[in-house]
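*Asks:* Got a file for you: work_18.cif, mmCIF, C-alpha atoms and all ligand atoms.
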data_query
#
loop_
_atom_site.label_atom_id
_atom_site.label_comp_id
_atom_site.auth_asym_id
_atom_site.auth_seq_id
_atom_site.Cartn_x
_atom_site.Cartn_y
_atom_site.Cartn_z
CA MET A 1 -25.19 74.43 -160.95
CA VAL A 2 -21.61 74.08 -162.05
CA SER A 3 -22.55 73.11 -165.57
CA ALA A 4 -24.81 76.20 -165.92
CA LYS A 5 -21.84 78.34 -164.85
CA VAL A 6 -19.58 76.61 -167.34
CA ILE A 7 -22.10 77.15 -170.14
CA ARG A 8 -22.52 80.82 -169.23
CA GLY A 9 -18.73 81.24 -169.16
CA PHE A 10 -18.42 79.59 -172.53
CA LEU A 11 -21.14 81.81 -174.05
CA PHE A 12 -19.50 84.93 -172.59
CA ALA A 13 -16.09 83.91 -173.99
CA SER A 14 -17.65 83.26 -177.42
CA VAL A 15 -19.34 86.68 -177.46
CA CYS A 16 -16.04 88.36 -176.40
CA PHE A 17 -14.22 86.51 -179.17
CA LEU A 18 -16.73 87.58 -181.81
CA VAL A 19 -16.79 91.20 -180.64
CA SER A 20 -12.99 91.50 -180.39
CA ASN A 21 -12.59 89.88 -183.78
CA GLY A 22 -14.79 92.58 -185.32
CA ALA A 23 -12.82 95.29 -183.52
CA VAL A 24 -9.50 94.04 -184.94
CA LYS A 25 -10.91 94.41 -188.40
CA ALA A 26 -12.19 97.90 -187.69
CA ALA A 27 -8.76 98.96 -186.35
CA GLY A 28 -7.22 97.86 -189.66
CA GLY A 29 -9.07 100.74 -191.37
CA VAL A 30 -11.51 100.36 -194.21
CA PRO A 31 -12.72 96.83 -195.02
CA VAL A 32 -10.74 95.56 -198.00
CA PRO A 33 -12.40 93.97 -201.07
CA GLN A 34 -11.78 90.24 -201.38
CA GLN A 35 -9.85 89.04 -204.43
CA ASP A 36 -10.09 85.72 -206.13
CA TRP A 37 -6.66 84.06 -205.57
CA THR A 38 -5.59 80.74 -207.05
CA PHE A 39 -4.03 79.90 -203.68
CA SER A 40 -7.17 80.38 -201.54
CA GLY A 41 -9.20 77.43 -200.29
CA VAL A 42 -8.27 73.90 -199.28
CA PHE A 43 -7.15 72.87 -202.77
CA GLY A 44 -5.59 76.24 -203.71
CA THR A 45 -2.19 76.26 -205.44
CA PHE A 46 0.12 79.06 -206.56
CA ASP A 47 0.13 80.15 -210.19
CA ARG A 48 3.83 79.94 -211.18
CA GLY A 49 3.49 82.59 -213.89
CA GLU A 50 1.92 85.00 -211.42
CA LEU A 51 4.65 84.30 -208.84
CA GLN A 52 7.42 84.93 -211.38
CA ARG A 53 5.85 88.22 -212.44
CA GLY A 54 5.41 89.16 -208.78
CA PHE A 55 9.05 88.36 -208.10
CA GLN A 56 10.03 90.63 -210.97
CA VAL A 57 7.99 93.47 -209.43
CA TYR A 58 9.56 92.87 -206.01
CA LYS A 59 13.06 92.72 -207.51
CA GLU A 60 12.74 95.76 -209.76
CA VAL A 61 10.54 97.98 -207.57
CA CYS A 62 10.10 97.02 -203.90
CA ALA A 63 13.62 95.68 -203.25
CA GLY A 64 14.95 99.24 -203.48
CA CYS A 65 13.41 99.93 -200.04
CA HIS A 66 12.17 96.62 -198.55
CA SER A 67 14.20 93.62 -197.41
CA LEU A 68 13.00 90.01 -197.77
CA ASN A 69 15.10 88.49 -195.02
CA TYR A 70 13.64 85.00 -194.87
CA ILE A 71 13.92 84.18 -198.55
CA SER A 72 17.16 82.95 -200.11
CA PHE A 73 17.96 82.85 -203.81
CA ARG A 74 17.61 79.07 -203.95
CA ASN A 75 14.01 79.27 -202.65
CA LEU A 76 13.19 80.64 -206.10
CA THR A 77 13.17 77.04 -207.43
CA ASP A 78 9.61 76.97 -205.99
CA LEU A 79 8.66 79.62 -208.53
CA GLY A 80 9.80 77.41 -211.38
CA PHE A 81 13.29 78.92 -211.87
CA LYS A 82 16.06 76.48 -212.79
CA GLU A 83 19.26 76.27 -210.75
CA GLU A 84 21.27 77.87 -213.56
CA GLU A 85 18.84 80.79 -213.74
CA ILE A 86 19.06 81.26 -209.98
CA LYS A 87 22.88 81.37 -210.12
CA VAL A 88 22.63 84.11 -212.74
CA ILE A 89 20.18 86.12 -210.58
CA ALA A 90 22.39 85.70 -207.49
CA LYS A 91 25.45 86.89 -209.41
CA GLU A 92 23.84 90.31 -209.86
CA TYR A 93 24.26 90.96 -206.11
CA GLU A 94 27.09 91.56 -203.68
CA VAL A 95 26.81 90.40 -200.07
CA GLU A 96 28.95 90.94 -196.98
CA ASP A 97 30.71 87.86 -195.65
CA GLY A 98 33.47 87.08 -193.20
CA PRO A 99 35.40 87.44 -191.08
CA ASN A 100 38.32 86.19 -193.20
CA ASN A 101 41.57 84.84 -191.71
CA ASP A 102 42.67 88.39 -190.88
CA GLY A 103 39.41 89.01 -189.02
CA ASP A 104 38.05 91.41 -191.62
CA MET A 105 34.61 91.41 -193.21
CA PHE A 106 34.60 91.41 -196.99
CA THR A 107 32.11 91.55 -199.84
CA ARG A 108 31.67 88.83 -202.43
CA THR A 109 29.28 87.92 -205.21
CA ALA A 110 26.09 86.28 -203.90
CA ILE A 111 25.51 82.53 -204.26
CA PRO A 112 22.15 80.67 -204.26
CA SER A 113 22.31 79.84 -200.53
CA ASP A 114 22.51 83.54 -199.54
CA THR A 115 19.39 85.25 -198.27
CA TRP A 116 18.03 88.14 -200.31
CA PRO A 117 20.36 91.15 -199.73
CA ALA A 118 18.70 93.98 -197.79
CA PRO A 119 18.69 97.43 -199.43
CA TYR A 120 19.94 99.19 -196.28
CA PRO A 121 22.67 98.11 -193.83
CA ASN A 122 20.45 98.81 -190.79
CA ASP A 123 17.11 100.30 -189.69
CA ASN A 124 18.54 103.76 -189.07
CA ALA A 125 19.90 103.96 -192.60
CA ALA A 126 16.49 102.76 -193.89
CA ARG A 127 14.70 105.48 -191.91
CA ALA A 128 17.19 108.11 -193.03
CA GLY A 129 16.48 107.16 -196.65
CA ASN A 130 12.69 107.32 -196.22
CA ASN A 131 11.82 110.55 -194.44
CA GLY A 132 12.08 108.87 -191.01
CA ALA A 133 9.68 105.99 -191.85
CA LEU A 134 10.90 102.38 -191.78
CA PRO A 135 10.04 100.21 -194.79
CA PRO A 136 9.22 96.90 -193.04
CA ASP A 137 10.66 93.54 -194.09
CA LEU A 138 8.19 91.92 -196.49
CA SER A 139 8.92 88.22 -195.80
CA LEU A 140 5.99 87.71 -193.43
CA MET A 141 3.92 90.74 -194.40
CA VAL A 142 0.95 88.80 -195.79
CA ASP A 143 0.47 87.07 -192.42
CA ALA A 144 1.26 90.22 -190.45
CA ARG A 145 -1.70 92.25 -191.72
CA VAL A 146 -5.42 91.61 -191.34
CA GLY A 147 -6.72 90.84 -194.82
CA GLY A 148 -3.39 89.34 -195.97
CA ALA A 149 -2.91 89.38 -199.75
CA ASP A 150 -6.27 91.19 -200.20
CA TYR A 151 -4.99 94.04 -198.03
CA LEU A 152 -1.67 94.22 -199.88
CA TYR A 153 -3.42 94.38 -203.23
CA ALA A 154 -5.82 97.06 -201.95
CA LEU A 155 -2.94 99.07 -200.45
CA LEU A 156 -0.79 98.99 -203.58
CA SER A 157 -3.67 99.90 -205.88
CA GLY A 158 -5.29 102.27 -203.38
CA TYR A 159 -3.39 105.53 -204.01
CA HIS A 160 -5.74 108.34 -205.03
CA GLU A 161 -6.05 112.08 -204.74
CA ALA A 162 -7.05 112.87 -201.15
CA PRO A 163 -10.78 113.60 -200.94
CA GLU A 164 -11.89 117.20 -200.40
CA GLY A 165 -11.22 118.36 -196.83
CA GLN A 166 -8.72 115.58 -195.98
CA GLU A 167 -5.37 117.11 -194.99
CA VAL A 168 -2.29 115.09 -195.94
CA ALA A 169 0.87 115.93 -193.97
CA GLU A 170 4.10 116.77 -195.77
CA GLY A 171 6.03 113.70 -196.91
CA MET A 172 2.87 111.57 -196.58
CA TYR A 173 0.61 110.16 -199.30
CA TYR A 174 -3.12 109.53 -199.33
CA ASN A 175 -4.06 105.86 -199.49
CA ALA A 176 -7.66 104.63 -199.38
CA TYR A 177 -6.81 101.43 -197.46
CA TYR A 178 -3.96 102.34 -195.11
CA PRO A 179 -5.21 102.83 -191.53
CA GLY A 180 -5.53 106.60 -191.07
CA HIS A 181 -5.20 107.04 -194.86
CA GLN A 182 -1.74 108.64 -194.68
CA ILE A 183 1.27 106.53 -195.52
CA ALA A 184 4.93 107.46 -195.81
CA MET A 185 5.43 105.14 -198.81
CA PRO A 186 4.91 106.96 -202.12
CA SER A 187 2.89 104.93 -204.63
CA PRO A 188 5.55 102.41 -205.74
CA LEU A 189 3.73 101.22 -208.86
CA VAL A 190 3.16 102.99 -212.18
CA ASP A 191 1.59 101.60 -215.34
CA ASP A 192 4.29 99.80 -217.36
CA GLY A 193 6.79 100.29 -214.52
CA VAL A 194 8.11 96.82 -215.35
CA GLU A 195 8.15 94.93 -218.62
CA TYR A 196 6.85 91.39 -218.22
CA GLY A 197 8.63 88.71 -220.22
CA ASP A 198 5.41 86.74 -220.81
CA GLY A 199 3.69 89.66 -222.53
CA THR A 200 1.20 90.39 -219.71
CA LYS A 201 0.28 94.08 -219.67
CA ALA A 202 1.88 95.66 -216.60
CA THR A 203 -0.95 97.85 -215.32
CA ILE A 204 -0.79 99.05 -211.71
CA ASN A 205 -3.50 96.56 -210.75
CA GLN A 206 -1.74 93.68 -212.49
CA GLN A 207 1.58 94.43 -210.78
CA ALA A 208 -0.19 94.87 -207.41
CA ARG A 209 -1.86 91.50 -207.87
CA ASP A 210 1.31 89.70 -208.94
CA VAL A 211 3.50 91.09 -206.18
CA SER A 212 0.81 90.33 -203.55
CA ALA A 213 0.71 86.70 -204.74
CA PHE A 214 4.51 86.57 -204.65
CA LEU A 215 4.54 87.90 -201.08
CA ALA A 216 1.85 85.37 -200.10
CA TRP A 217 4.23 82.66 -201.34
CA ALA A 218 7.17 84.29 -199.49
CA THR A 219 5.15 84.24 -196.26
CA GLU A 220 4.40 80.53 -196.58
CA PRO A 221 6.53 78.78 -199.22
CA ASN A 222 5.29 75.38 -197.92
CA MET A 223 1.59 76.18 -198.28
CA GLU A 224 0.98 73.67 -201.06
CA GLN A 225 2.65 70.85 -199.10
CA ARG A 226 0.65 71.77 -196.00
CA LYS A 227 -2.63 71.66 -197.92
CA ARG A 228 -1.74 68.37 -199.62
CA MET A 229 -0.95 66.88 -196.22
CA GLY A 230 -4.24 68.21 -194.81
CA VAL A 231 -6.22 66.54 -197.59
CA LYS A 232 -4.34 63.24 -197.02
CA VAL A 233 -5.09 63.40 -193.29
CA LEU A 234 -8.79 64.02 -194.04
CA ILE A 235 -8.95 61.04 -196.41
CA PHE A 236 -7.17 58.90 -193.81
CA LEU A 237 -9.66 59.93 -191.13
CA ILE A 238 -12.65 59.22 -193.38
CA VAL A 239 -11.30 55.74 -194.28
CA MET A 240 -10.54 54.98 -190.62
CA THR A 241 -14.02 56.10 -189.57
CA GLY A 242 -15.52 53.70 -192.14
CA LEU A 243 -13.33 50.83 -190.94
CA PHE A 244 -14.18 51.47 -187.30
CA TYR A 245 -17.88 51.59 -188.14
CA VAL A 246 -17.74 48.25 -189.98
CA SER A 247 -15.79 46.61 -187.12
CA LYS A 248 -18.20 48.00 -184.57
CA ARG A 249 -21.14 46.47 -186.46
CA ARG A 250 -19.36 43.11 -186.65
CA ILE A 251 -18.31 43.02 -183.01
CA TRP A 252 -21.79 43.92 -181.75
CA ALA A 253 -23.68 41.88 -184.36
CA ASP A 254 -24.51 39.04 -181.97
CA VAL A 255 -25.56 41.17 -179.03
CA HIS A 256 -29.36 41.59 -178.96
C1 LIG B 1 10.80 104.42 -201.95
C2 LIG B 1 10.81 103.35 -201.00
C3 LIG B 1 9.71 102.31 -201.09
C4 LIG B 1 9.41 101.49 -202.16
C5 LIG B 1 10.03 101.47 -203.54
C6 LIG B 1 8.37 100.59 -201.69
N1 LIG B 1 8.05 100.87 -200.39
FE1 LIG B 1 6.68 99.91 -199.25
N2 LIG B 1 7.07 101.16 -197.69
C7 LIG B 1 8.00 102.18 -197.70
C8 LIG B 1 7.93 102.88 -196.44
C9 LIG B 1 8.79 104.07 -196.05
C10 LIG B 1 6.93 102.25 -195.66
C11 LIG B 1 6.45 102.61 -194.25
C12 LIG B 1 5.20 103.46 -194.39
C13 LIG B 1 4.72 104.09 -193.12
O1 LIG B 1 5.16 103.68 -192.03
O2 LIG B 1 3.89 105.03 -193.23
C14 LIG B 1 6.41 101.16 -196.48
C15 LIG B 1 5.41 100.31 -196.08
C16 LIG B 1 4.97 99.21 -196.80
C17 LIG B 1 4.03 98.22 -196.34
C18 LIG B 1 3.38 98.17 -194.96
C19 LIG B 1 2.02 98.83 -194.91
C20 LIG B 1 1.38 98.65 -193.58
O3 LIG B 1 0.24 98.19 -193.53
O4 LIG B 1 2.04 98.92 -192.56
C21 LIG B 1 3.86 97.31 -197.35
C22 LIG B 1 2.98 96.09 -197.34
C23 LIG B 1 4.70 97.74 -198.44
N3 LIG B 1 5.35 98.89 -198.09
C24 LIG B 1 4.80 97.06 -199.64
C25 LIG B 1 5.57 97.49 -200.71
C26 LIG B 1 5.62 96.78 -201.98
C27 LIG B 1 4.90 95.48 -202.29
C28 LIG B 1 6.44 97.51 -202.77
C29 LIG B 1 6.78 97.22 -204.21
C30 LIG B 1 5.68 97.18 -205.14
C31 LIG B 1 6.92 98.65 -202.01
N4 LIG B 1 6.36 98.61 -200.76
C32 LIG B 1 7.80 99.60 -202.48
C33 LIG B 1 8.86 102.51 -198.73
C34 LIG B 1 8.84 101.92 -199.98
#
Could the structure of this file be written out as structure tokens, please?
*Replies:*
Amino acid sequence: MVSAKVIRGFLFASVCFLVSNGAVKAAGGVPVPQQDWTFSGVFGTFDRGELQRGFQVYKEVCAGCHSLNYISFRNLTDLGFKEEEIKVIAKEYEVEDGPNNDGDMFTRTAIPSDTWPAPYPNDNAARAGNNGALPPDLSLMVDARVGGADYLYALLSGYHEAPEGQEVAEGMYYNAYYPGHQIAMPSPLVDDGVEYGDGTKATINQQARDVSAFLAWATEPNMEQRKRMGVKVLIFLIVMTGLFYVSKRRIWADVH
């Protein structure tokens, strides 16, 4: 009796899970096309060239409105930058520090251990600069949205003329993938908006792809280590299973 109840409960919970999972996707708006990322899958790794280009897009375009609070300059070593290069990048920025011995805050040139400086001093200033809308911090954005990097790519390359009959409110922009299709962020990317050092052509789609990969790294800088560890654990478990099987056969060999 009890076990039948347990099974029914389990089936009900599974159905609820499947249904609610579908609903979450629907609430995210239109389904987003899946991209082929080098970092997907169990053995996926980041493409350093792509990350560096994506960082350039973030730095030259997105950083004007969006903070990246959880990333510090020295984290850029993961992207293949050398310490000297990082010092040079940090020197381009001023950060607030203090208090000094007189109790006053002061500004100084950034050093590699500083986190990425935010474009606005606080949320109200950010809203005031963006028609009342808050540009969210991008550090964890890829994990914060259903679809992750696929959604970001679709969003950034999804600005079109609004279709016939679709009203777009003042100060809003039509986007094919944003829930509700009206977003307060104007299309941040234009063809050749940045000039890539490695000669890659900076189309809107290319920049959208690179910056989405960069933000996927920013969300989980330790992804490669995690995956390597996962593979090691799997190999360990397979070897242990083999050893246990052999010992079991030996121990029980004489029992007929
Ligand atoms: C001119 C300022 C500005 C620039 C430049 C800008 N954004 Fe935004 N962004 C915004 C604002 C404002 C919002 C909030 C939109 C809203 O709430 O409708 C936003 C929202 C977003 C969101 C959240 C969308 C969601 O699902 O909620 C993402 C992701 C994003 N921006 C990524 C980027 C990236 C990547 C870049 C650089 C390529 C960039 N933005 C450049 C102003 C900007």
*Asks:* Listed atoms of stretch 206-219 of chain A, axis-aligned box, 4 Å per side: centre and edge lengths to one decimal in Å, as lines of an AutoDock Vina configuration file?
*Replies:*
center_x = 2.7
center_y = 88.8
center_z = -204.4
size_x = 17.0
size_y = 20.2
size_z = 24.2
*Asks:* Using all atoms listed in the file, find the one residue out of A:Gly129, A:Ala253, A:Val32, A:Thr203 that sits nearest to A:Gly147.
*Replies:*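 Closest to A:Gly147, using all atoms listed in the file: A:Val32.
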*Asks:* Write out as a ChimeraX atom specification which residues come within 10 Å of A:Val142 when counting all atoms listed in the file, dropping same-chain ones fewer than 2 positions away.
*Replies:* /A:138-140,144-152,212-220
*Asks:* Can you pull out every residue with an atom within 9 Å of ligand LIG 1 (chain B)? Use all atoms listed in the file and format it as a ChimeraX atom specification.
*Replies:* /A:28,54,57-66,126-127,129-138,141-142,144-146,151-153,155-156,172-173,177-179,182-189,207-208,211-212,215
*Asks:* Fewer than 5 positions away in the same chain doesn't count, so skip those; otherwise give me all residues within 12 Å of A:Leu76, counting only C-alpha atoms, as a PyMOL selection string.
*Replies:* chain A and resi 48+51-52+54-56+71+81-87+89-90+112-116+214+217-218+221
*Asks:* For atom CA of A:Ser67 and atom CA of A:Ala118, determine how far apart the two atoms are, in Å to one decimal place.
*Replies:*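 Interatomic distance here is 4.5 Å.
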*Asks:* In Å to one decimal, how far is atom CA of A:Tyr196 from atom CA of A:Arg53?
*Replies:* 6.7 Å
*Asks:* What does the distance between atom CA of A:Val95 and atom CA of A:Thr107 come to in Å, to one decimal place?
*Replies:*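 One can read the atom CA of A:Val95 to atom CA of A:Thr107 distance as 5.4 Å.
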*Asks:* List every protein, DNA or RNA residue with an atom no more than 12 Å from (1.2, 75.7, -195.7) in the file's coordinates, counting only C-alpha atoms, and format the result as a PyMOL selection string.
*Replies:* chain A and resi 39-46+143+216-231
